[in-house]
file structure.cif (mmCIF, C-alpha atoms)
data_run
loop_
_atom_site.label_atom_id
_atom_site.label_comp_id
_atom_site.auth_asym_id
_atom_site.auth_seq_id
_atom_site.Cartn_x
_atom_site.Cartn_y
_atom_site.Cartn_z
CA MET M 1 -30.61 -74.88 55.37
CA SER M 2 -33.34 -73.50 53.13
CA LEU M 3 -33.20 -72.85 49.42
CA PRO M 4 -31.74 -69.47 48.42
CA ARG M 5 -34.07 -66.56 49.08
CA THR M 6 -34.06 -65.57 45.40
CA VAL M 7 -35.20 -69.05 44.34
CA THR M 8 -38.06 -69.13 46.82
CA THR M 9 -39.30 -65.60 46.17
CA ALA M 10 -39.22 -66.15 42.40
CA GLN M 11 -41.14 -69.42 42.47
CA PHE M 12 -43.48 -69.09 45.43
CA GLU M 13 -46.05 -66.88 43.74
CA PRO M 14 -46.34 -69.05 40.59
CA GLU M 15 -46.92 -72.03 42.89
CA LEU M 16 -49.69 -70.09 44.64
CA ARG M 17 -51.36 -69.47 41.28
CA ARG M 18 -51.02 -73.13 40.41
CA PHE M 19 -52.67 -74.14 43.67
CA GLU M 20 -55.45 -71.63 43.07
CA SER M 21 -56.09 -73.12 39.62
CA LEU M 22 -56.23 -76.62 41.06
CA VAL M 23 -58.73 -75.61 43.75
CA ARG M 24 -60.87 -73.78 41.20
CA SER M 25 -60.96 -76.88 38.99
CA VAL M 26 -62.47 -79.17 41.63
CA ASP M 27 -66.17 -79.87 41.15
CA ALA M 28 -68.75 -80.21 43.93
CA ALA M 29 -68.49 -83.99 44.09
CA GLY M 30 -64.70 -83.92 44.22
CA TRP M 31 -64.76 -81.25 46.93
CA ASP M 32 -66.37 -83.70 49.34
CA GLN M 33 -64.21 -86.70 48.45
CA PRO M 34 -62.19 -88.07 51.40
CA SER M 35 -58.49 -87.30 51.20
CA ARG M 36 -55.51 -89.22 52.54
CA CYS M 37 -55.37 -86.60 55.34
CA THR M 38 -57.36 -88.44 57.98
CA GLY M 39 -60.78 -86.92 58.58
CA TRP M 40 -60.46 -84.30 55.85
CA SER M 41 -62.07 -84.05 52.45
CA ALA M 42 -60.31 -82.60 49.42
CA GLY M 43 -62.07 -79.33 50.21
CA ASP M 44 -60.86 -79.39 53.80
CA VAL M 45 -57.27 -79.74 52.59
CA ALA M 46 -57.70 -76.70 50.35
CA LYS M 47 -59.28 -74.73 53.21
CA HIS M 48 -56.34 -75.50 55.47
CA VAL M 49 -53.77 -74.39 52.90
CA VAL M 50 -55.58 -71.14 52.15
CA GLY M 51 -56.33 -70.59 55.83
CA GLN M 52 -52.67 -70.99 56.64
CA PHE M 53 -51.76 -68.29 54.14
CA ALA M 54 -54.51 -66.07 55.54
CA ASP M 55 -52.97 -66.52 59.00
CA VAL M 56 -49.53 -65.57 57.69
CA ALA M 57 -50.89 -62.49 55.91
CA ALA M 58 -52.65 -61.44 59.14
CA GLY M 59 -49.57 -62.04 61.28
CA ARG M 60 -51.14 -64.93 63.21
CA PHE M 61 -48.03 -67.04 63.77
CA ASP M 62 -48.63 -68.51 67.21
CA GLY M 63 -49.39 -72.21 66.87
CA LEU M 64 -49.14 -72.11 63.09
CA GLY M 65 -49.01 -75.67 61.82
CA SER M 66 -50.38 -77.19 65.01
CA ASP M 67 -53.38 -79.53 64.93
CA GLU M 68 -55.50 -76.86 66.63
CA ALA M 69 -54.56 -74.16 64.12
CA THR M 70 -55.03 -76.33 61.06
CA GLN M 71 -58.47 -77.45 62.23
CA ARG M 72 -59.45 -73.87 62.97
CA GLU M 73 -58.44 -72.88 59.44
CA VAL M 74 -60.80 -75.53 58.08
CA ASP M 75 -63.62 -74.69 60.49
CA GLU M 76 -63.47 -70.99 59.61
CA ARG M 77 -64.33 -71.94 56.01
CA VAL M 78 -67.15 -74.38 56.61
CA GLY M 79 -69.66 -74.23 53.77
CA LYS M 80 -67.31 -72.58 51.31
CA GLY M 81 -66.92 -74.19 47.92
CA PRO M 82 -64.04 -74.34 45.45
CA SER M 83 -64.65 -70.94 43.88
CA GLU M 84 -64.90 -69.13 47.21
CA VAL M 85 -61.73 -70.72 48.58
CA ALA M 86 -59.85 -70.08 45.32
CA ASP M 87 -61.06 -66.47 45.32
CA GLU M 88 -59.74 -66.00 48.85
CA LEU M 89 -56.32 -67.25 47.79
CA ALA M 90 -56.36 -64.96 44.75
CA GLU M 91 -57.04 -62.00 47.03
CA LEU M 92 -54.19 -62.99 49.36
CA GLN M 93 -51.56 -63.39 46.67
CA PRO M 94 -50.55 -59.71 46.30
CA GLN M 95 -50.22 -59.38 50.07
CA LEU M 96 -48.11 -62.54 50.33
CA ALA M 97 -45.89 -61.42 47.47
CA GLY M 98 -45.47 -58.06 49.14
CA LEU M 99 -44.37 -59.73 52.37
CA LEU M 100 -41.76 -61.82 50.58
CA ALA M 101 -40.39 -58.73 48.86
CA LEU M 102 -39.69 -57.12 52.25
CA PHE M 103 -37.10 -59.71 53.27
CA ASP M 104 -33.39 -59.35 52.59
CA ASP M 105 -30.78 -62.07 53.07
CA ASP M 106 -30.21 -61.15 56.71
CA ALA M 107 -33.89 -61.44 57.54
CA TRP M 108 -34.10 -64.70 55.57
CA ALA M 109 -31.36 -66.19 57.73
CA GLY M 110 -32.89 -64.80 60.91
CA PRO M 111 -35.31 -66.55 63.25
CA ALA M 112 -38.77 -67.57 62.10
CA PRO M 113 -41.63 -65.54 63.61
CA GLY M 114 -43.88 -66.77 66.37
CA GLY M 115 -41.19 -68.78 68.09
CA ALA M 116 -41.14 -71.45 65.39
CA ALA M 117 -38.00 -73.52 65.02
CA GLY M 118 -35.51 -72.64 62.31
CA THR M 119 -34.99 -69.58 60.18
CA LEU M 120 -37.47 -67.38 58.39
CA GLY M 121 -36.35 -68.92 55.10
CA GLU M 122 -36.98 -72.40 56.41
CA GLY M 123 -40.43 -71.33 57.57
CA VAL M 124 -41.38 -69.98 54.15
CA GLU M 125 -40.00 -73.12 52.55
CA ALA M 126 -42.12 -75.25 54.89
CA LEU M 127 -45.22 -73.38 53.66
CA TRP M 128 -44.18 -73.98 50.06
CA SER M 129 -43.58 -77.68 50.75
CA ASP M 130 -46.93 -77.97 52.52
CA MET M 131 -48.74 -76.41 49.57
CA VAL M 132 -47.10 -78.68 46.98
CA LEU M 133 -47.78 -81.83 48.98
CA HIS M 134 -51.35 -80.87 49.84
CA ALA M 135 -51.98 -80.17 46.18
CA ASP M 136 -51.16 -83.82 45.62
CA ASP M 137 -53.54 -84.80 48.42
CA ILE M 138 -56.30 -82.98 46.56
CA ARG M 139 -55.36 -84.57 43.23
CA SER M 140 -55.28 -88.01 44.85
CA ALA M 141 -58.74 -87.49 46.33
CA ILE M 142 -60.27 -86.54 42.99
CA GLY M 143 -58.50 -89.24 40.98
CA GLN M 144 -55.75 -87.21 39.36
CA THR M 145 -52.04 -87.95 39.21
CA ALA M 146 -49.22 -85.46 39.70
CA PRO M 147 -48.37 -83.48 36.56
CA ALA M 148 -45.07 -84.19 34.86
CA ASP M 149 -43.74 -80.78 35.90
CA VAL M 150 -44.53 -81.09 39.62
CA ASP M 151 -41.76 -79.33 41.54
CA PRO M 152 -40.48 -81.32 44.55
CA LYS M 153 -37.48 -79.21 45.53
CA ALA M 154 -39.11 -77.28 48.39
CA ALA M 155 -40.42 -80.53 49.86
CA VAL M 156 -37.06 -82.31 49.53
CA SER M 157 -35.22 -79.36 51.08
CA HIS M 158 -37.71 -79.14 53.95
CA ILE M 159 -37.50 -82.88 54.58
CA ALA M 160 -33.70 -82.66 54.69
CA ASP M 161 -33.97 -79.92 57.32
CA VAL M 162 -36.39 -81.91 59.48
CA LEU M 163 -34.34 -85.10 59.24
CA THR M 164 -31.23 -83.15 60.25
CA GLN M 165 -33.04 -81.66 63.25
CA ARG M 166 -33.99 -85.20 64.29
CA GLY M 167 -30.43 -86.47 64.06
CA TRP M 168 -31.07 -88.73 61.08
CA PRO M 169 -27.91 -90.56 59.90
CA ALA M 170 -25.81 -88.52 57.51
CA MET M 171 -26.71 -88.79 53.84
CA THR M 172 -26.97 -86.64 50.73
CA LEU M 173 -30.23 -86.42 48.80
CA GLN M 174 -28.97 -86.42 45.23
CA PHE M 175 -31.89 -86.54 42.84
CA ASP M 176 -31.80 -85.79 39.14
CA GLY M 177 -32.70 -82.22 38.27
CA LEU M 178 -32.30 -80.91 41.82
CA PRO M 179 -29.40 -79.51 43.81
CA ALA M 180 -27.95 -81.86 46.41
CA PHE M 181 -29.47 -81.56 49.88
CA THR M 182 -27.46 -82.75 52.86
CA VAL M 183 -28.86 -84.49 55.91
CA SER M 184 -26.80 -84.25 59.11
CA GLY M 185 -23.84 -82.84 57.22
CA GLY M 186 -24.05 -85.14 54.21
CA GLY M 187 -22.90 -88.66 53.52
CA GLU M 188 -23.70 -91.53 51.19
CA PRO M 189 -25.93 -90.37 48.32
CA LEU M 190 -29.57 -91.35 48.06
CA THR M 191 -30.69 -91.31 44.44
CA GLY M 192 -33.94 -92.09 42.67
CA ASP M 193 -37.07 -90.10 41.99
CA ALA M 194 -37.31 -86.88 44.01
CA TRP M 195 -41.10 -86.76 43.99
CA ALA M 196 -41.37 -90.38 45.12
CA PHE M 197 -38.99 -89.54 47.96
CA ALA M 198 -41.04 -86.49 48.98
CA LEU M 199 -44.19 -88.61 49.11
CA ALA M 200 -42.51 -91.46 50.99
CA ALA M 201 -40.89 -89.15 53.54
CA THR M 202 -44.24 -87.55 54.38
CA GLY M 203 -46.27 -90.74 54.73
CA ARG M 204 -47.82 -90.53 51.29
CA GLY M 205 -45.74 -93.10 49.43
CA ASN M 206 -43.86 -96.35 49.88
CA PRO M 207 -40.39 -95.84 51.34
CA GLN M 208 -39.38 -99.39 50.43
CA ASP M 209 -39.33 -98.37 46.78
CA LEU M 210 -36.31 -96.22 47.69
CA GLY M 211 -34.65 -98.75 49.97
CA LEU M 212 -35.91 -96.96 53.09
CA ASP M 213 -38.26 -97.89 55.91
CA GLU M 214 -41.21 -96.20 57.60
CA SER M 215 -38.95 -94.26 59.96
CA ILE M 216 -38.18 -91.81 57.15
CA ASN M 217 -41.70 -90.35 57.55
CA ILE M 218 -41.18 -86.91 59.12
CA TYR M 219 -44.80 -86.87 60.33
CA ALA M 220 -44.72 -90.24 62.11
#

call {"tool": "encode", "arguments": {"input": "structure.cif", "output": "structure tokens"}}
result
Amino acid sequence: MSLPRTVTTAQFEPELRRFESLVRSVDAAGWDQPSRCTGWSAGDVAKHVVGQFADVAAGRFDGLGSDEATQREVDERVGKGPSEVADELAELQPQLAGLLALFDDDAWAGPAPGGAAGTLGEGVEALWSDMVLHADDIRSAIGQTAPADVDPKAAVSHIADVLTQRGWPAMTLQFDGLPAFTVSGGGEPLTGDAWAFALAATGRGNPQDLGLDESINIYA
């Protein structure tokens, strides 16, 4: 189950602006630094994120999120630097905000477009989660740490959805400062640092720090 529509629509656009600012801040050397996304530089990560939003704005939903689509998004922006990619995202933001404003609660709970699994709300949340986590991939590549106010709730909610779909044993993700997210109906609470969990559950951090093993990685 995704976050409430009102929460996502209120916070999605500010997160877009934050990602734009991060991309714009990367210098030429940092743009070409290898990222923890195998085979991609920091710039490639940014191109994928912006390309994904361009696909959404254009109604290109088939295959969205697949390896082929993500690589195409990067390839379509070969040679573009930080300013050009940030400018593209800035131009997309009004269109993306306009799309979000069209959805009511019934649409939010309805099926995701393009035959994707889950609801529309879960699809939007997956995009939000992807953006927040890829922002950290860029920061990691250029030697920056996550800011103190990094917002992990979209990632934690998305991870809970994916784990539930995979039949992960019941548990409740109960992190300070966030609502509780249930996995497979809820069960024993998992506490700790929400951002550390988001990184560990997407192959970016150490799950052992949370008493988990590598099987928690939703991308494995």

call {"tool": "resolve_selection", "arguments": {"input": "structure.cif", "expression": "the PyMOL selection byres ((chain M and resi 75-88) around 6)", "output": "PyMOL selection string"}}
result
chain M and resi 20+23-24+72-74+89-91

call {"tool": "residues_around", "arguments": {"input": "structure.cif", "residues": "Ser35 of chain M", "least_positions_apart": "6", "cutoff": "8 Å", "atoms": "only C-alpha atoms", "output": "list in words"}}
result
Ser41, Ala42, Val45, Asp137, Ile138, Ser140 and Ala141 of chain M

call {"tool": "resolve_selection", "arguments": {"input": "structure.cif", "expression": "the PyMOL selection byres ((chain M and resi 174) around 10)", "output": "MDAnalysis selection string"}}
result
chainID M and resid 171:173 175:182 188:194

call {"tool": "atom_distance", "arguments": {"input": "structure.cif", "atom1": "atom CA of Ala109 of chain M", "atom2": "atom CA of His158 of chain M"}}
result
14.9 Å

call {"tool": "residues_around", "arguments": {"input": "structure.cif", "residues": "Thr70 of chain M", "least_positions_apart": "2", "cutoff": "10 Å", "atoms": "all atoms listed in the file", "output": "NGL selection string"}}
result
:M and (44-45 or 47-49 or 51-52 or 63-68 or 72-75)

call {"tool": "write_last_selection", "arguments": {"input": "structure.cif", "atoms": "C-alpha atoms", "output": "compact mmCIF listing (two decimals), keeping the file's coordinate frame"}}
result
# COMPACT_ATOMS: atom_id res chain seq x y z
CA ASP M 44 -60.86 -79.39 53.80
CA VAL M 45 -57.27 -79.74 52.59
CA LYS M 47 -59.28 -74.73 53.21
CA HIS M 48 -56.34 -75.50 55.47
CA VAL M 49 -53.77 -74.39 52.90
CA GLY M 51 -56.33 -70.59 55.83
CA GLN M 52 -52.67 -70.99 56.64
CA GLY M 63 -49.39 -72.21 66.87
CA LEU M 64 -49.14 -72.11 63.09
CA GLY M 65 -49.01 -75.67 61.82
CA SER M 66 -50.38 -77.19 65.01
CA ASP M 67 -53.38 -79.53 64.93
CA GLU M 68 -55.50 -76.86 66.63
CA ARG M 72 -59.45 -73.87 62.97
CA GLU M 73 -58.44 -72.88 59.44
CA VAL M 74 -60.80 -75.53 58.08
CA ASP M 75 -63.62 -74.69 60.49

call {"tool": "atom_distance", "arguments": {"input": "structure.cif", "atom1": "atom CA of Gly123 of chain M", "atom2": "atom CA of Leu100 of chain M"}}
result
11.9 Å

call {"tool": "atom_distance", "arguments": {"input": "structure.cif", "atom1": "atom CA of Val183 of chain M", "atom2": "atom CA of Gly203 of chain M"}}
result
18.5 Å

call {"tool": "resolve_selection", "arguments": {"input": "structure.cif", "expression": "the PyMOL selection byres ((chain M and resi 105) around 10)", "output": "number ranges by chain"}}
result
M: 4-6, 103-104, 106-110, 121

call {"tool": "closest_residue", "arguments": {"input": "structure.cif", "among": "M:Met1, M:Leu199, M:Leu133, M:Cys37", "to": "Leu120 of chain M", "atoms": "all atoms listed in the file"}}
result
M:Met1

call {"tool": "closest_residue", "arguments": {"input": "structure.cif", "among": "M:Trp168, M:Phe53, M:Phe19, M:Tyr219", "to": "Gln95 of chain M", "atoms": "only C-alpha atoms"}}
result
M:Phe53

call {"tool": "closest_residue", "arguments": {"input": "structure.cif", "among": "M:Glu15, M:Asp27, M:Asp149, M:Asp209", "to": "Phe197 of chain M", "atoms": "only C-alpha atoms"}}
result
M:Asp209

call {"tool": "closest_residue", "arguments": {"input": "structure.cif", "among": "M:Val124, M:Met131, M:Ala146, M:Ala196", "to": "Leu3 of chain M", "atoms": "all atoms listed in the file"}}
result
M:Val124

call {"tool": "closest_residue", "arguments": {"input": "structure.cif", "among": "M:Ala58, M:Val26, M:Ala201, M:Val132", "to": "Leu163 of chain M", "atoms": "only C-alpha atoms"}}
result
M:Ala201

call {"tool": "closest_residue", "arguments": {"input": "structure.cif", "among": "M:Gly143, M:Gly211, M:Pro152, M:Gly187", "to": "Pro169 of chain M", "atoms": "all atoms listed in the file"}}
result
M:Gly187

call {"tool": "residues_around", "arguments": {"input": "structure.cif", "residues": "Ala154 of chain M", "least_positions_apart": "5", "cutoff": "10 Å", "atoms": "all atoms listed in the file", "output": "PyMOL selection string"}}
result
chain M and resi 2-3+7-8+12+122+124-133+159-160+198

call {"tool": "build_atoms", "arguments": {"input": "structure.cif", "residues": "segment 147-178 of chain M", "atoms": "N, CA and C atoms", "output": "PDB file, in the frame of the given file"}}
result
ATOM      1  N   PRO M 147     -48.818 -83.854  37.910  1.00  0.00           N
ATOM      2  CA  PRO M 147     -48.370 -83.480  36.560  1.00  0.00           C
ATOM      3  C   PRO M 147     -46.887 -83.744  36.390  1.00  0.00           C
ATOM      4  N   ALA M 148     -46.469 -83.872  35.142  1.00  0.00           N
ATOM      5  CA  ALA M 148     -45.070 -84.190  34.860  1.00  0.00           C
ATOM      6  C   ALA M 148     -44.128 -83.115  35.388  1.00  0.00           C
ATOM      7  N   ASP M 149     -44.617 -81.875  35.478  1.00  0.00           N
ATOM      8  CA  ASP M 149     -43.740 -80.780  35.900  1.00  0.00           C
ATOM      9  C   ASP M 149     -43.909 -80.431  37.381  1.00  0.00           C
ATOM     10  N   VAL M 150     -44.432 -81.356  38.185  1.00  0.00           N
ATOM     11  CA  VAL M 150     -44.530 -81.090  39.620  1.00  0.00           C
ATOM     12  C   VAL M 150     -43.133 -80.789  40.161  1.00  0.00           C
ATOM     13  N   ASP M 151     -43.050 -79.810  41.054  1.00  0.00           N
ATOM     14  CA  ASP M 151     -41.760 -79.330  41.540  1.00  0.00           C
ATOM     15  C   ASP M 151     -41.542 -79.804  42.988  1.00  0.00           C
ATOM     16  N   PRO M 152     -40.652 -80.781  43.206  1.00  0.00           N
ATOM     17  CA  PRO M 152     -40.480 -81.320  44.550  1.00  0.00           C
ATOM     18  C   PRO M 152     -39.388 -80.655  45.376  1.00  0.00           C
ATOM     19  N   LYS M 153     -38.701 -79.652  44.849  1.00  0.00           N
ATOM     20  CA  LYS M 153     -37.480 -79.210  45.530  1.00  0.00           C
ATOM     21  C   LYS M 153     -37.742 -78.596  46.904  1.00  0.00           C
ATOM     22  N   ALA M 154     -38.827 -77.848  47.070  1.00  0.00           N
ATOM     23  CA  ALA M 154     -39.110 -77.280  48.390  1.00  0.00           C
ATOM     24  C   ALA M 154     -39.391 -78.386  49.392  1.00  0.00           C
ATOM     25  N   ALA M 155     -40.123 -79.428  48.954  1.00  0.00           N
ATOM     26  CA  ALA M 155     -40.420 -80.530  49.860  1.00  0.00           C
ATOM     27  C   ALA M 155     -39.154 -81.292  50.232  1.00  0.00           C
ATOM     28  N   VAL M 156     -38.288 -81.568  49.248  1.00  0.00           N
ATOM     29  CA  VAL M 156     -37.060 -82.310  49.530  1.00  0.00           C
ATOM     30  C   VAL M 156     -36.157 -81.502  50.468  1.00  0.00           C
ATOM     31  N   SER M 157     -36.043 -80.205  50.220  1.00  0.00           N
ATOM     32  CA  SER M 157     -35.220 -79.360  51.080  1.00  0.00           C
ATOM     33  C   SER M 157     -35.774 -79.318  52.497  1.00  0.00           C
ATOM     34  N   HIS M 158     -37.081 -79.174  52.621  1.00  0.00           N
ATOM     35  CA  HIS M 158     -37.710 -79.140  53.950  1.00  0.00           C
ATOM     36  C   HIS M 158     -37.514 -80.466  54.676  1.00  0.00           C
ATOM     37  N   ILE M 159     -37.691 -81.560  53.968  1.00  0.00           N
ATOM     38  CA  ILE M 159     -37.500 -82.880  54.580  1.00  0.00           C
ATOM     39  C   ILE M 159     -36.069 -83.037  55.072  1.00  0.00           C
ATOM     40  N   ALA M 160     -35.109 -82.582  54.272  1.00  0.00           N
ATOM     41  CA  ALA M 160     -33.700 -82.660  54.690  1.00  0.00           C
ATOM     42  C   ALA M 160     -33.481 -81.883  55.983  1.00  0.00           C
ATOM     43  N   ASP M 161     -34.099 -80.718  56.105  1.00  0.00           N
ATOM     44  CA  ASP M 161     -33.970 -79.920  57.320  1.00  0.00           C
ATOM     45  C   ASP M 161     -34.550 -80.663  58.540  1.00  0.00           C
ATOM     46  N   VAL M 162     -35.743 -81.228  58.360  1.00  0.00           N
ATOM     47  CA  VAL M 162     -36.390 -81.910  59.480  1.00  0.00           C
ATOM     48  C   VAL M 162     -35.592 -83.150  59.893  1.00  0.00           C
ATOM     49  N   LEU M 163     -35.126 -83.915  58.917  1.00  0.00           N
ATOM     50  CA  LEU M 163     -34.340 -85.100  59.240  1.00  0.00           C
ATOM     51  C   LEU M 163     -33.054 -84.720  59.984  1.00  0.00           C
ATOM     52  N   THR M 164     -32.440 -83.615  59.567  1.00  0.00           N
ATOM     53  CA  THR M 164     -31.230 -83.150  60.250  1.00  0.00           C
ATOM     54  C   THR M 164     -31.542 -82.773  61.692  1.00  0.00           C
ATOM     55  N   GLN M 165     -32.646 -82.050  61.894  1.00  0.00           N
ATOM     56  CA  GLN M 165     -33.040 -81.660  63.250  1.00  0.00           C
ATOM     57  C   GLN M 165     -33.285 -82.875  64.137  1.00  0.00           C
ATOM     58  N   ARG M 166     -33.699 -83.987  63.528  1.00  0.00           N
ATOM     59  CA  ARG M 166     -33.990 -85.200  64.290  1.00  0.00           C
ATOM     60  C   ARG M 166     -32.763 -86.103  64.459  1.00  0.00           C
ATOM     61  N   GLY M 167     -31.626 -85.668  63.911  1.00  0.00           N
ATOM     62  CA  GLY M 167     -30.430 -86.470  64.060  1.00  0.00           C
ATOM     63  C   GLY M 167     -30.395 -87.696  63.174  1.00  0.00           C
ATOM     64  N   TRP M 168     -31.070 -87.602  62.022  1.00  0.00           N
ATOM     65  CA  TRP M 168     -31.070 -88.730  61.080  1.00  0.00           C
ATOM     66  C   TRP M 168     -29.640 -89.001  60.614  1.00  0.00           C
ATOM     67  N   PRO M 169     -29.266 -90.264  60.376  1.00  0.00           N
ATOM     68  CA  PRO M 169     -27.910 -90.560  59.900  1.00  0.00           C
ATOM     69  C   PRO M 169     -27.544 -89.758  58.657  1.00  0.00           C
ATOM     70  N   ALA M 170     -26.280 -89.379  58.592  1.00  0.00           N
ATOM     71  CA  ALA M 170     -25.810 -88.520  57.510  1.00  0.00           C
ATOM     72  C   ALA M 170     -26.032 -89.152  56.140  1.00  0.00           C
ATOM     73  N   MET M 171     -26.556 -88.379  55.223  1.00  0.00           N
ATOM     74  CA  MET M 171     -26.710 -88.790  53.840  1.00  0.00           C
ATOM     75  C   MET M 171     -26.894 -87.559  52.981  1.00  0.00           C
ATOM     76  N   THR M 172     -26.770 -87.732  51.683  1.00  0.00           N
ATOM     77  CA  THR M 172     -26.970 -86.640  50.730  1.00  0.00           C
ATOM     78  C   THR M 172     -28.094 -87.031  49.788  1.00  0.00           C
ATOM     79  N   LEU M 173     -29.114 -86.184  49.711  1.00  0.00           N
ATOM     80  CA  LEU M 173     -30.230 -86.420  48.800  1.00  0.00           C
ATOM     81  C   LEU M 173     -29.817 -85.881  47.435  1.00  0.00           C
ATOM     82  N   GLN M 174     -29.571 -86.780  46.513  1.00  0.00           N
ATOM     83  CA  GLN M 174     -28.970 -86.420  45.230  1.00  0.00           C
ATOM     84  C   GLN M 174     -29.865 -86.921  44.106  1.00  0.00           C
ATOM     85  N   PHE M 175     -30.899 -86.153  43.831  1.00  0.00           N
ATOM     86  CA  PHE M 175     -31.890 -86.540  42.840  1.00  0.00           C
ATOM     87  C   PHE M 175     -31.679 -85.773  41.545  1.00  0.00           C
ATOM     88  N   ASP M 176     -31.977 -86.427  40.444  1.00  0.00           N
ATOM     89  CA  ASP M 176     -31.800 -85.790  39.140  1.00  0.00           C
ATOM     90  C   ASP M 176     -32.625 -84.513  39.043  1.00  0.00           C
ATOM     91  N   GLY M 177     -32.005 -83.472  38.505  1.00  0.00           N
ATOM     92  CA  GLY M 177     -32.700 -82.220  38.270  1.00  0.00           C
ATOM     93  C   GLY M 177     -32.788 -81.297  39.458  1.00  0.00           C
ATOM     94  N   LEU M 178     -32.261 -81.727  40.613  1.00  0.00           N
ATOM     95  CA  LEU M 178     -32.300 -80.910  41.820  1.00  0.00           C
ATOM     96  C   LEU M 178     -30.889 -80.706  42.349  1.00  0.00           C
TER      97      LEU M 178
END
